[in-house]
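Here's protein11.txt, which has compact mmCIF, C-alpha atoms:
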# COMPACT_ATOMS: atom_id res chain seq x y z
CA MET A 1 117.98 101.38 75.53
CA LYS A 2 116.58 104.37 73.74
CA ASN A 3 116.78 106.47 76.89
CA ARG A 4 120.40 105.48 77.29
CA TRP A 5 121.38 106.81 73.89
CA LYS A 6 119.48 110.04 74.52
CA HIS A 7 121.24 110.48 77.84
CA ILE A 8 124.62 110.09 76.19
CA PHE A 9 124.23 112.07 73.04
CA ILE A 10 121.78 114.93 73.52
CA PRO A 11 124.21 116.99 75.66
CA VAL A 12 126.93 116.40 73.07
CA LEU A 13 124.70 117.57 70.25
CA ALA A 14 123.63 120.62 72.23
CA MET A 15 127.23 121.51 72.90
CA ALA A 16 128.16 121.02 69.24
CA LEU A 17 125.30 123.25 68.16
CA CYS A 18 126.26 125.95 70.64
CA LEU A 19 129.85 125.84 69.43
CA SER A 20 128.78 126.02 65.80
CA LEU A 21 126.54 129.03 66.45
CA ALA A 22 129.28 130.76 68.39
CA ALA A 23 131.65 130.20 65.46
CA CYS A 24 129.16 131.83 63.12
CA GLY A 25 129.41 134.97 65.23
CA ASN A 26 133.12 135.39 64.35
CA SER A 27 135.13 136.07 67.53
CA ASP A 28 137.10 138.77 65.65
CA ASP A 29 134.05 140.98 65.17
CA VAL A 30 134.38 144.49 66.48
CA ALA A 31 131.42 145.97 68.34
CA GLY A 32 129.17 147.68 65.83
CA GLU A 33 130.70 145.91 62.80
CA ASP A 34 128.21 144.50 60.26
CA TRP A 35 128.56 140.73 60.67
CA ARG A 36 127.33 140.21 57.11
CA THR A 37 130.71 141.48 55.83
CA THR A 38 132.80 138.85 57.66
CA GLY A 39 132.50 136.19 54.96
CA VAL A 40 130.56 133.57 56.96
CA VAL A 41 127.35 133.94 54.94
CA VAL A 42 126.91 131.18 52.35
CA GLY A 43 123.32 131.77 51.22
CA SER A 44 120.09 133.66 51.73
CA GLY A 45 116.34 133.33 51.34
CA THR A 46 112.94 134.11 52.76
CA ILE A 47 111.20 131.98 55.41
CA THR A 48 107.41 132.14 55.66
CA HIS A 49 105.39 130.83 58.61
CA ASP A 50 101.83 131.69 59.61
CA GLY A 51 101.67 134.22 56.77
CA GLU A 52 104.69 136.20 58.00
CA SER A 53 107.87 136.31 55.90
CA VAL A 54 111.41 136.93 57.21
CA ASP A 55 114.52 137.48 55.07
CA VAL A 56 117.42 135.39 56.39
CA LEU A 57 121.11 134.81 55.76
CA VAL A 58 122.58 131.33 56.06
CA THR A 59 125.76 129.93 57.64
CA VAL A 60 126.83 126.27 57.69
CA ASP A 61 129.24 124.10 59.63
CA PRO A 62 129.75 120.29 59.63
CA ASN A 63 126.77 119.81 61.99
CA SER A 64 124.11 122.37 61.05
CA ALA A 65 122.79 125.25 58.99
CA ALA A 66 121.81 128.41 60.87
CA PHE A 67 119.39 131.11 59.64
CA TYR A 68 119.98 134.71 60.84
CA ARG A 69 117.85 137.78 60.29
CA ASP A 70 119.18 139.91 57.44
CA GLN A 71 120.28 142.84 59.56
CA GLU A 72 123.50 144.39 60.81
CA GLU A 73 123.31 142.72 64.25
CA GLN A 74 123.67 138.91 64.16
CA VAL A 75 120.35 137.57 65.48
CA LEU A 76 119.51 133.88 65.13
CA PHE A 77 116.08 133.21 63.62
CA ASP A 78 116.12 129.39 63.25
CA SER A 79 118.35 126.44 62.32
CA VAL A 80 118.43 122.78 61.27
CA SER A 81 120.80 120.06 62.52
CA PHE A 82 122.30 117.71 59.93
CA PRO A 83 121.48 114.00 60.39
CA MET A 84 125.20 113.21 60.14
CA ASN A 85 128.51 115.02 60.32
CA ILE A 86 129.46 116.59 56.97
CA PRO A 87 133.19 117.38 57.31
CA ASP A 88 133.39 119.44 54.08
CA ALA A 89 130.12 121.31 54.63
CA GLU A 90 131.51 124.83 54.15
CA GLN A 91 133.53 123.92 51.05
CA ALA A 92 130.86 121.69 49.49
CA PHE A 93 127.84 123.92 50.18
CA ASN A 94 125.90 124.43 46.94
CA ALA A 95 122.48 125.94 47.62
CA ILE A 96 119.63 126.38 50.08
CA SER A 97 115.91 126.65 49.44
CA PHE A 98 112.99 127.62 51.66
CA ASP A 99 110.29 126.68 49.13
CA ASP A 100 107.03 125.14 50.31
CA MET A 101 107.50 121.53 49.24
CA ASP A 102 104.36 119.94 50.71
CA GLY A 103 101.83 122.65 49.78
CA ASP A 104 100.83 123.70 53.31
CA GLY A 105 101.86 127.33 52.81
CA GLU A 106 104.83 127.00 55.17
CA SER A 107 108.53 127.17 54.27
CA ASP A 108 110.44 123.92 54.24
CA VAL A 109 114.23 123.59 53.99
CA LEU A 110 116.45 122.03 51.34
CA VAL A 111 120.24 122.18 51.72
CA SER A 112 122.43 120.78 48.96
CA PHE A 113 126.16 120.04 48.80
CA ILE A 114 128.40 119.06 45.90
CA HIS A 115 131.50 117.29 47.16
CA GLU A 116 134.97 117.48 45.66
CA ASN A 117 134.58 114.17 43.81
CA GLY A 118 131.29 115.31 42.23
CA ASP A 119 128.92 113.41 44.56
CA ALA A 120 125.84 115.30 45.70
CA THR A 121 124.13 115.38 49.10
CA GLU A 122 120.62 116.84 49.40
CA LEU A 123 118.98 117.15 52.82
CA ILE A 124 115.30 118.04 53.28
CA TRP A 125 113.31 119.14 56.34
CA ILE A 126 109.51 119.58 56.28
CA TRP A 127 107.87 122.12 58.59
CA ASP A 128 105.66 120.78 61.38
CA PRO A 129 103.79 123.26 63.64
CA ALA A 130 104.53 121.21 66.75
CA GLU A 131 108.02 119.83 66.04
CA ARG A 132 109.26 122.60 63.73
CA TYR A 133 111.65 121.32 61.04
CA VAL A 134 111.49 117.52 60.76
CA PHE A 135 114.25 115.82 58.77
CA ARG A 136 112.85 113.61 56.00
CA GLU A 137 115.19 110.76 55.21
CA ASP A 138 112.84 109.46 52.53
CA LEU A 139 113.10 112.73 50.56
CA SER A 140 116.83 113.25 51.08
CA THR A 141 119.85 111.93 49.19
CA VAL A 142 123.10 111.31 51.03
CA ALA A 143 126.32 110.79 49.08
CA LEU A 144 128.87 108.68 50.92
CA SER A 145 131.75 110.60 49.41
CA GLY A 146 134.01 110.40 52.43
CA GLY A 147 134.56 106.65 52.37
CA ASP A 148 133.52 103.26 51.04
CA LEU A 149 130.26 102.02 52.56
CA SER A 150 130.94 98.44 51.41
CA GLU A 151 133.73 98.20 54.00
CA TYR A 152 131.14 98.51 56.77
CA VAL A 153 128.12 96.60 55.45
CA GLY A 154 127.35 93.64 57.69
CA LEU A 155 126.99 92.77 61.37
CA TRP A 156 129.11 94.29 64.17
CA GLU A 157 129.08 93.17 67.79
CA TYR A 158 129.32 95.84 70.47
CA GLN A 159 131.78 94.17 72.82
CA GLY A 160 130.57 93.63 76.38
CA GLU A 161 127.01 94.71 75.54
CA ASN A 162 123.95 92.75 74.48
CA LEU A 163 124.00 94.82 71.29
CA TRP A 164 124.77 94.37 67.60
CA LEU A 165 125.02 96.95 64.82
CA ARG A 166 123.73 95.89 61.41
CA ILE A 167 124.73 98.16 58.49
CA HIS A 168 122.90 97.85 55.17
CA GLU A 169 123.95 98.66 51.62
CA ASP A 170 121.46 101.56 51.41
CA ALA A 171 123.29 103.42 54.23
CA THR A 172 120.70 102.54 56.85
CA TRP A 173 121.50 100.78 60.12
CA GLU A 174 119.93 99.34 63.24
CA PHE A 175 121.03 98.29 66.71
CA VAL A 176 119.54 94.90 67.66
CA ASN A 177 119.63 92.67 70.74
CA ASP A 178 120.38 88.94 70.95
CA GLN A 179 116.82 88.16 69.79
CA ASP A 180 117.35 90.35 66.71
CA ASP A 181 114.81 92.87 68.03
CA VAL A 182 115.48 96.39 66.71
CA ILE A 183 116.44 98.78 69.52
CA GLU A 184 117.45 101.87 67.48
CA TYR A 185 117.77 102.65 63.77
CA GLY A 186 118.64 105.40 61.35
CA THR A 187 120.93 106.47 58.52
CA LEU A 188 124.71 106.87 58.45
CA TRP A 189 127.52 108.86 56.91
CA VAL A 190 130.91 107.42 55.93
CA ASP A 191 134.04 109.55 56.04
CA GLU A 192 137.77 108.98 56.14
CA ASN A 193 137.68 108.29 59.88
CA GLY A 194 134.80 105.81 60.03
CA VAL A 195 131.01 106.11 60.23
CA THR A 196 128.61 108.50 61.90
CA LEU A 197 125.25 107.05 62.92
CA HIS A 198 122.18 109.29 62.87
CA PHE A 199 119.38 108.12 65.17
CA ASP A 200 115.95 108.49 63.64
CA GLY A 201 113.44 110.09 65.97
CA SER A 202 115.82 111.56 68.54
CA GLY A 203 118.22 113.12 66.04
CA ASP A 204 121.22 111.99 68.13
CA THR A 205 124.47 111.03 66.41
CA LEU A 206 127.23 108.58 67.29
CA GLN A 207 130.71 108.62 65.73
CA LEU A 208 132.43 105.25 65.28
CA ASP A 209 136.10 105.48 64.30
CA ARG A 210 137.78 102.76 62.24
CA THR A 211 140.95 101.31 63.78
CA VAL A 212 143.99 99.95 61.99
CA SER A 213 142.84 96.41 62.82
CA GLY A 214 139.45 97.04 61.17
CA ASP A 215 137.34 97.34 64.31
CA LEU A 216 135.12 100.31 65.20
CA MET A 217 135.74 102.43 68.28
CA ASP A 218 132.96 104.28 70.14
CA ILE A 219 135.29 106.80 71.75
CA ALA A 220 132.47 108.82 73.34
CA ASN A 221 131.33 105.82 75.40
CA GLY A 222 134.59 103.87 75.66
CA GLY A 223 133.27 100.94 73.62
CA SER A 224 134.34 98.91 70.62
CA LEU A 225 132.64 96.90 67.87
CA PHE A 226 134.06 94.09 65.77
CA PRO A 227 132.62 92.28 62.71
CA VAL A 228 130.87 88.94 63.33
CA GLU A 229 129.06 86.35 61.24
CA GLY A 230 125.99 86.14 63.44
CA ILE A 231 124.33 87.27 66.66
CA GLN A 232 125.65 85.59 69.77
CA SER A 233 124.63 86.82 73.19
CA SER A 234 127.35 87.88 75.60
CA GLU A 235 125.50 85.87 78.25
CA PRO A 236 126.26 82.11 78.11
CA TYR A 237 123.53 80.07 76.41
CA PHE A 238 122.91 77.82 79.41
CA THR A 239 122.57 80.80 81.77
CA ARG A 240 120.35 82.72 79.35
CA ASN A 241 117.97 79.77 79.02
CA GLY A 242 117.87 78.80 82.70
CA LEU A 243 119.74 75.51 82.27
CA GLU A 244 121.53 74.79 85.55
CA ILE A 245 124.58 72.69 86.25
CA ASN A 246 122.66 70.42 88.63
CA ALA A 247 125.06 67.49 88.99
CA ALA A 248 128.75 67.24 89.85
CA VAL A 249 131.72 65.11 88.79
CA GLU A 250 133.14 62.76 91.44
CA LYS A 251 130.15 63.39 93.75
CA GLY A 252 128.32 60.07 93.49
CA THR A 253 125.11 59.24 91.66
CA PHE A 254 122.30 61.61 90.64
CA LEU A 255 118.70 60.60 89.95
CA LEU A 256 117.36 61.21 86.45
CA THR A 257 113.59 60.90 86.35
CA ASP A 258 112.39 59.05 83.23
CA GLY A 259 116.02 58.70 82.16
CA VAL A 260 115.57 55.25 80.59
CA CYS A 261 112.97 53.79 78.23
CA SER A 262 112.25 50.17 77.31
CA TYR A 263 110.19 48.60 74.54
CA SER A 264 109.99 45.61 72.26
CA GLY A 265 109.49 45.40 68.53
CA LEU A 266 108.49 48.77 67.09
CA GLY A 267 107.55 50.38 70.36
CA ASP A 268 105.45 47.67 71.93
CA GLY A 269 105.11 48.14 75.70
CA TYR A 270 106.94 51.47 75.57
CA ASN A 271 107.83 52.56 79.11
CA THR A 272 109.94 55.24 80.77
CA ASP A 273 111.38 55.15 84.27
CA ASP A 274 114.18 56.36 86.50
CA CYS A 275 117.91 55.77 86.39
CA TYR A 276 121.02 57.20 88.06
CA TRP A 277 124.11 58.80 86.56
CA GLU A 278 127.56 59.53 87.86
CA ILE A 279 130.84 60.73 86.36
CA THR A 280 134.29 59.66 87.50
CA LYS A 281 137.52 61.13 86.20
CA ASN A 282 140.38 58.91 85.15
CA GLY A 283 142.78 61.63 84.06
CA ASP A 284 143.10 65.38 83.60
CA TYR A 285 146.34 66.57 81.96
CA THR A 286 147.54 69.79 80.33
CA HIS A 287 150.44 69.95 77.89
CA ASP A 288 151.43 72.15 74.96
CA GLY A 289 148.28 74.27 75.35
CA ILE A 290 146.02 71.19 75.16
CA ARG A 291 143.93 69.78 77.99
CA GLU A 292 143.17 66.03 78.06
CA LEU A 293 140.14 64.79 79.95
CA HIS A 294 139.54 61.08 80.52
CA PHE A 295 136.32 60.19 82.32
CA ASP A 296 133.60 57.56 82.63
CA ALA A 297 129.90 58.49 82.49
CA ILE A 298 128.02 55.64 84.16
CA CYS A 299 124.28 55.00 84.05
CA TYR A 300 122.71 52.67 86.65
CA ILE A 301 119.31 51.19 85.80
CA PRO A 302 117.31 49.60 88.64
CA GLU A 303 115.34 46.37 88.21
CA SER A 304 112.15 48.30 88.97
CA SER A 305 112.70 50.58 85.96
CA ILE A 306 112.38 47.77 83.41
CA PRO A 307 108.92 46.15 83.08
CA TYR A 308 108.48 42.50 82.23
CA PHE A 309 108.66 41.65 78.51
CA ASP A 310 107.85 38.17 77.20
CA GLN A 311 110.14 38.75 74.21
CA GLU A 312 113.43 40.43 73.40
CA TYR A 313 113.36 44.10 74.36
CA ILE A 314 115.48 47.24 73.96
CA THR A 315 116.70 49.60 76.68
CA VAL A 316 117.65 53.16 75.69
CA THR A 317 119.41 56.00 77.52
CA ASN A 318 120.56 59.30 76.05
CA SER A 319 123.59 61.36 76.96
CA GLU A 320 125.52 63.98 74.98
CA LEU A 321 128.24 66.63 75.20
CA TYR A 322 127.29 70.31 74.86
CA ASP A 323 129.01 73.69 74.96
CA PHE A 324 127.92 75.82 77.93
CA TYR A 325 128.44 79.14 76.13
CA THR A 326 126.65 78.52 72.82
CA GLY A 327 124.45 75.53 73.71
CA MET A 328 125.88 73.70 70.70
CA TRP A 329 125.43 69.94 70.60
CA LEU A 330 128.75 68.23 69.93
CA THR A 331 126.97 65.88 67.60
CA THR A 332 127.41 62.11 67.86
CA ALA A 333 125.70 59.26 66.08
CA THR A 334 123.59 57.00 68.28
CA ALA A 335 125.60 53.98 69.47
CA TYR A 336 123.72 50.72 69.96
CA GLY A 337 125.07 48.06 72.27
CA ASN A 338 128.79 47.88 72.97
CA SER A 339 131.26 49.89 70.89
CA GLN A 340 134.95 50.79 70.83
CA ARG A 341 136.51 54.24 70.88
CA GLY A 342 137.57 53.81 67.29
CA ASP A 343 133.89 53.56 66.38
CA ASN A 344 133.02 56.92 67.94
CA TYR A 345 135.38 59.75 66.97
CA TYR A 346 134.17 63.36 66.65
CA LEU A 347 135.61 66.81 66.00
CA HIS A 348 133.78 70.13 66.52
CA THR A 349 134.66 73.83 66.58
CA VAL A 350 132.98 76.10 69.14
CA SER A 351 133.02 79.85 68.44
CA TRP A 352 132.49 82.25 71.32
CA GLN A 353 133.27 85.94 71.81
CA GLY A 354 135.56 86.09 68.80
CA ASN A 355 137.49 82.93 69.76
CA SER A 356 137.37 79.45 68.23
CA TYR A 357 137.92 76.26 70.21
CA LEU A 358 138.57 72.88 68.60
CA ILE A 359 136.99 70.04 70.62
CA GLU A 360 138.11 66.50 69.77
CA PHE A 361 136.73 63.43 71.52
CA THR A 362 136.20 59.71 71.30
CA TYR A 363 134.31 57.26 73.49
CA SER A 364 133.39 53.61 73.95
CA THR A 365 130.18 52.07 75.32
CA ASN A 366 129.91 49.00 77.52
CA TRP A 367 126.66 47.42 78.76
CA GLN A 368 126.66 45.06 81.73
CA TYR A 369 123.69 43.11 83.11
CA ASN A 370 122.68 42.09 86.63
CA VAL A 371 125.45 44.01 88.36
CA GLY A 372 124.75 43.89 92.09
CA ASP A 373 121.41 45.59 92.70
CA TRP A 374 121.25 46.97 89.17
CA ALA A 375 119.50 45.37 86.24
CA GLN A 376 121.85 47.09 83.76
CA VAL A 377 124.88 49.38 83.94
CA LEU A 378 126.06 51.44 80.96
CA THR A 379 129.59 52.87 80.98
CA LYS A 380 130.61 55.48 78.43
CA SER A 381 134.39 56.02 78.57
CA TYR A 382 135.51 59.35 77.07
CA SER A 383 138.81 60.82 76.00
CA VAL A 384 138.49 64.55 75.20
CA TYR A 385 141.10 66.97 73.84
CA LEU A 386 140.39 70.69 74.10
CA PRO A 387 142.27 74.01 74.31
CA GLU A 388 143.75 74.79 77.70
CA ASP A 389 141.75 78.04 78.03
CA TYR A 390 138.37 76.48 77.20
CA ASP A 391 136.11 75.62 80.16
CA GLY A 392 132.63 75.18 78.67
CA LEU A 393 132.31 71.41 78.19
CA VAL A 394 129.09 69.96 79.65
CA PHE A 395 127.98 66.33 79.86
CA ALA A 396 124.18 66.01 79.70
CA ALA A 397 122.17 62.94 80.69
CA GLU A 398 118.76 63.44 79.10
CA ALA A 399 115.26 62.30 80.02
CA GLN A 400 113.39 60.10 77.58
CA PRO A 401 110.42 61.20 75.44
CA SER A 402 106.97 60.08 76.55
CA ASN A 403 106.36 58.10 73.33
CA TYR A 404 108.15 55.71 71.01
CA LYS A 405 107.80 57.96 67.94
CA ASP A 406 109.95 60.72 69.47
CA THR A 407 112.47 58.18 70.74
CA ALA A 408 112.84 56.76 67.22
CA LYS A 409 113.25 60.30 65.83
CA ARG A 410 115.86 61.14 68.44
CA MET A 411 117.99 58.28 67.16
CA GLN A 412 118.24 60.13 63.83
CA LEU A 413 119.00 63.58 65.25
CA ASP A 414 122.66 63.42 64.25
CA SER A 415 121.58 63.67 60.60
CA ILE A 416 118.52 65.89 61.21
CA SER A 417 120.05 68.57 63.46
CA PRO A 418 123.86 68.38 63.48
CA GLU A 419 125.44 70.85 65.92
CA ALA A 420 122.03 72.31 66.81
CA ALA A 421 121.63 74.24 70.06
CA ILE A 422 120.11 72.15 72.82
CA MET A 423 116.88 74.19 72.95
CA ASP A 424 116.34 73.50 69.24
CA LEU A 425 116.36 69.72 69.53
CA ASP A 426 112.62 69.14 69.49
CA THR A 427 112.69 65.63 70.97
CA VAL A 428 114.74 66.74 73.99
CA ASP A 429 113.28 68.36 77.11
CA PRO A 430 116.33 70.31 78.27
CA TYR A 431 114.85 71.18 81.65
CA SER A 432 114.53 67.52 82.65
CA GLY A 433 118.19 66.60 82.21
CA LEU A 434 121.24 66.27 84.42
CA TYR A 435 124.17 68.57 83.61
CA PHE A 436 127.76 67.97 84.68
CA SER A 437 130.46 70.61 84.16
CA LEU A 438 133.57 68.74 83.05
CA CYS A 439 136.04 71.64 83.21
CA TYR A 440 135.59 72.75 86.81

Now, as a test, write the supplied structure out as structure tokens.
Amino acid sequence: MKNRWKHIFIPVLAMALCLSLAACGNSDDVAGEDWRTTGVVVGSGTITHDGESVDVLVTVDPNSAAFYRDQEEQVLFDSVSFPMNIPDAEQAFNAISFDDMDGDGESDVLVSFIHENGDATELIWIWDPAERYVFREDLSTVALSGGDLSEYVGLWEYQGENLWLRIHEDATWEFVNDQDDVIEYGTLWVDENGVTLHFDGSGDTLQLDRTVSGDLMDIANGGSLFPVEGIQSSEPYFTRNGLEINAAVEKGTFLLTDGVCSYSGLGDGYNTDDCYWEITKNGDYTHDGIRELHFDAICYIPESSIPYFDQEYITVTNSELYDFYTGMWLTTATAYGNSQRGDNYYLHTVSWQGNSYLIEFTYSTNWQYNVGDWAQVLTKSYSVYLPEDYDGLVFAAEAQPSNYKDTAKRMQLDSISPEAAIMDLDTVDPYSGLYFSLCY
């Protein structure tokens, strides 16, 4: 990522610097005219390096300060690039100093500005024999006189990229990825157009213009950023975590290894074994921007999957609805035995890529025993109402934990981890489940 920014911005900065230095030369100069009389000089001083001192004259523009030898012909001696664009640099310039600030006997640079509203900006560079003038953010003071920083503080998503911009109240920023790892960082300048990011280390800058709608436009790279509450990867959660849609609606039964557990009492004789799931649709209608899905999720439990118990026992299966894009569990309370749709009504909002989708559903459960070759058959009958343009609904049939303790905990997950992402449900092994896409 760092190389990408360098590739984009270094040529731009070089061009800006060349333009600024050309401007300092004054295109109206006549051959032989003393450039020092043209009015572009804003300051002067003496630069000392390696025991040699040179008198210089100073010019400034919004991007840099240039130091020329104090002689009739305009000869560039050195320069510093500002860490941000300073639109009123020529008008606000106050003073420049080449004093030795760190006691190494070499000239450092201090440039100060006083803006129209009285705010002050003071920029400091310390001399380094290898890197020359190194900007020191920790010693500098930047006044955000061109705009209100508070309008930008927070998290911004770079649309279409796995990238977020976080702006802090102290005028620092960082680009982070979907794991909140810092990719780039630096300081920023606010002006009437938006913000200018200065990249620490490389010295690159990036201008982000504020739009009427409140978003930020990266015109140089054709991108845009919009404010968000939290980091959400542009890659769907299921895809990012390697969770495959490995079962299909209306395609018969699918084996779920260890999909059912049985036990008596408080976990006596706890056992897990195989079962089969299938989904059949009973209706799929769209009207007034709403899509209605009516389907049955059916679990078939073989005789061989239930061991012999000499007392009353319990059989447990687990199945849930999830959102493909965010991984969010559309939380339900565990239903025991048979239940009616009126007993199981739920409403959730899924937020993805700046859009919100209201998912409403209800279901009933019906257990049957000794049905043909099956010891038990569970039918969950769903009615789901969702926006017409939403296609991320997933039915998951989940494998059972290897022990009774985790099974008992799972029955309380609706109160422990409501709306948690599937990978965060610590009693669920997401890679052992069956996943049906319901909006194909």

Report task. Give me the residues within 7 Å of Ile126 (chain A) as a list in words, counting all atoms listed in the file and dropping any in the same chain fewer than 6 places off. Result -> Asp108, Val109, Tyr133, Val134, Phe135 and Arg136 of chain A

Any chance you could export the current selection's C-alpha atoms as a PDB file, in the coordinates of the input?
ATOM      1  CA  ASP A 108     110.440 123.920  54.240  1.00  0.00           C
ATOM      2  CA  VAL A 109     114.230 123.590  53.990  1.00  0.00           C
ATOM      3  CA  TYR A 133     111.650 121.320  61.040  1.00  0.00           C
ATOM      4  CA  VAL A 134     111.490 117.520  60.760  1.00  0.00           C
ATOM      5  CA  PHE A 135     114.250 115.820  58.770  1.00  0.00           C
ATOM      6  CA  ARG A 136     112.850 113.610  56.000  1.00  0.00           C
TER       7      ARG A 136
END

**Report entry** Of the listed residues A:Ile359, A:Ala408, A:Ala297, A:Met328, that which approaches Asp424 (chain A) most closely, counting only C-alpha atoms
**Finding:** A:Met328

Query - Residues within 10 Å of Phe226 (chain A), all atoms listed in the file, excluding chain neighbours under 6 positions, as a VMD selection string - result: chain A and resid 155 to 159 164 to 165 213 to 217 354

What would the file look like if the residues just selected were written as an mmCIF file, in the coordinates of the input with C-alpha atoms?
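Result written to again02.cif:
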data_model
loop_
_atom_site.group_PDB
_atom_site.id
_atom_site.type_symbol
_atom_site.label_atom_id
_atom_site.label_comp_id
_atom_site.auth_asym_id
_atom_site.auth_seq_id
_atom_site.Cartn_x
_atom_site.Cartn_y
_atom_site.Cartn_z
ATOM 1 C CA LEU A 155 126.990 92.770 61.370
ATOM 2 C CA TRP A 156 129.110 94.290 64.170
ATOM 3 C CA GLU A 157 129.080 93.170 67.790
ATOM 4 C CA TYR A 158 129.320 95.840 70.470
ATOM 5 C CA GLN A 159 131.780 94.170 72.820
ATOM 6 C CA TRP A 164 124.770 94.370 67.600
ATOM 7 C CA LEU A 165 125.020 96.950 64.820
ATOM 8 C CA SER A 213 142.840 96.410 62.820
ATOM 9 C CA GLY A 214 139.450 97.040 61.170
ATOM 10 C CA ASP A 215 137.340 97.340 64.310
ATOM 11 C CA LEU A 216 135.120 100.310 65.200
ATOM 12 C CA MET A 217 135.740 102.430 68.280
ATOM 13 C CA GLY A 354 135.560 86.090 68.800
#

**Report entry** Closest of A:Leu386, A:Leu330, A:Ile306, A:Leu57 to Val40 (chain A) - atom-to-atom distances counting all atoms listed in the file
**Finding:**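 Ranking A:Leu386, A:Leu330, A:Ile306, A:Leu57 by distance to Val40 (chain A), first place goes to A:Leu57.
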
Any idea what's packed within 10 Å of Pro83 (chain A), counting only C-alpha atoms, ignoring anything in its chain fewer than 4 positions away? Could you give it as a PDB file with C-alpha atoms, keeping the file's coordinate frame?
ATOM      1  CA  ASN A  63     126.770 119.810  61.990  1.00  0.00           C
ATOM      2  CA  SER A  64     124.110 122.370  61.050  1.00  0.00           C
ATOM      3  CA  LEU A 123     118.980 117.150  52.820  1.00  0.00           C
ATOM      4  CA  PHE A 135     114.250 115.820  58.770  1.00  0.00           C
ATOM      5  CA  ARG A 136     112.850 113.610  56.000  1.00  0.00           C
ATOM      6  CA  GLU A 137     115.190 110.760  55.210  1.00  0.00           C
ATOM      7  CA  VAL A 142     123.100 111.310  51.030  1.00  0.00           C
ATOM      8  CA  GLY A 186     118.640 105.400  61.350  1.00  0.00           C
ATOM      9  CA  THR A 187     120.930 106.470  58.520  1.00  0.00           C
ATOM     10  CA  LEU A 188     124.710 106.870  58.450  1.00  0.00           C
ATOM     11  CA  TRP A 189     127.520 108.860  56.910  1.00  0.00           C
ATOM     12  CA  THR A 196     128.610 108.500  61.900  1.00  0.00           C
ATOM     13  CA  LEU A 197     125.250 107.050  62.920  1.00  0.00           C
ATOM     14  CA  HIS A 198     122.180 109.290  62.870  1.00  0.00           C
ATOM     15  CA  PHE A 199     119.380 108.120  65.170  1.00  0.00           C
ATOM     16  CA  ASP A 200     115.950 108.490  63.640  1.00  0.00           C
ATOM     17  CA  GLY A 203     118.220 113.120  66.040  1.00  0.00           C
ATOM     18  CA  ASP A 204     121.220 111.990  68.130  1.00  0.00           C
ATOM     19  CA  THR A 205     124.470 111.030  66.410  1.00  0.00           C
TER      20      THR A 205
END

Coordinates of box centre and edge lengths for region 163-168 of chain A, 5 Å on every side, axis-aligned, as lines of an AutoDock Vina configuration file:
center_x = 124.0
center_y = 96.3
center_z = 63.2
size_x = 12.1
size_y = 13.8
size_z = 26.1

Requested in this report: Quick one: residues within 12 Å of (117.5, 90.6, 69.2) (file frame), counting all atoms listed in the file, please, as a ChimeraX atom specification.
Outcome: /A:157,162-166,174-184,230-233

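Checking A:Pro62, A:Gly337, A:Gly265, A:Gly283 one by one against Ala89 (chain A), counting all atoms listed in the file, you find the shortest gap at A:Pro62.
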
Report task. With a distance cut-off of 8 Å and all atoms listed in the file, select the neighbouring residues of region 320-322 of chain A, excluding the residue or stretch itself and same-chain residues fewer than 3 positions from it, and output the selection as a VMD selection string. Result -> chain A and resid 327 to 332 393 to 398 422

Requested in this report: Taking the point (118.8, 115.9, 52.5) as given in the file, collect each protein or nucleic acid residue that comes within 7 Å of it, counting all atoms listed in the file, and present the set as an NGL selection string.
Outcome: :A and (110-111 or 121-124 or 137 or 139-142)

Query raised in the report: So how many Å separate CA of Asp88 (chain A) and CA of Glu169 (chain A), to one decimal?
Result: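 According to the coordinates, CA of Asp88 (chain A) and CA of Glu169 (chain A) are separated by 23.0 Å.
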
Query raised in the report: Can you tell me how far CA of Ser107 (chain A) sits from CA of Pro129 (chain A), in Å to one decimal?
Result: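 According to the coordinates, CA of Ser107 (chain A) and CA of Pro129 (chain A) are separated by 11.2 Å.
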
Report task. Go ahead and compute the interatomic distance for CA of Val58 (chain A) and CA of Asp191 (chain A), in Å to one decimal. Result ->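 Going from CA of Val58 (chain A) over to CA of Asp191 (chain A) covers 24.6 Å.
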
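Of the listed residues A:Arg132, A:Glu151, A:Gly342, A:Arg36, the one whose atoms come nearest to Ser79 (chain A) is A:Arg132, with distances taken using all atoms listed in the file.
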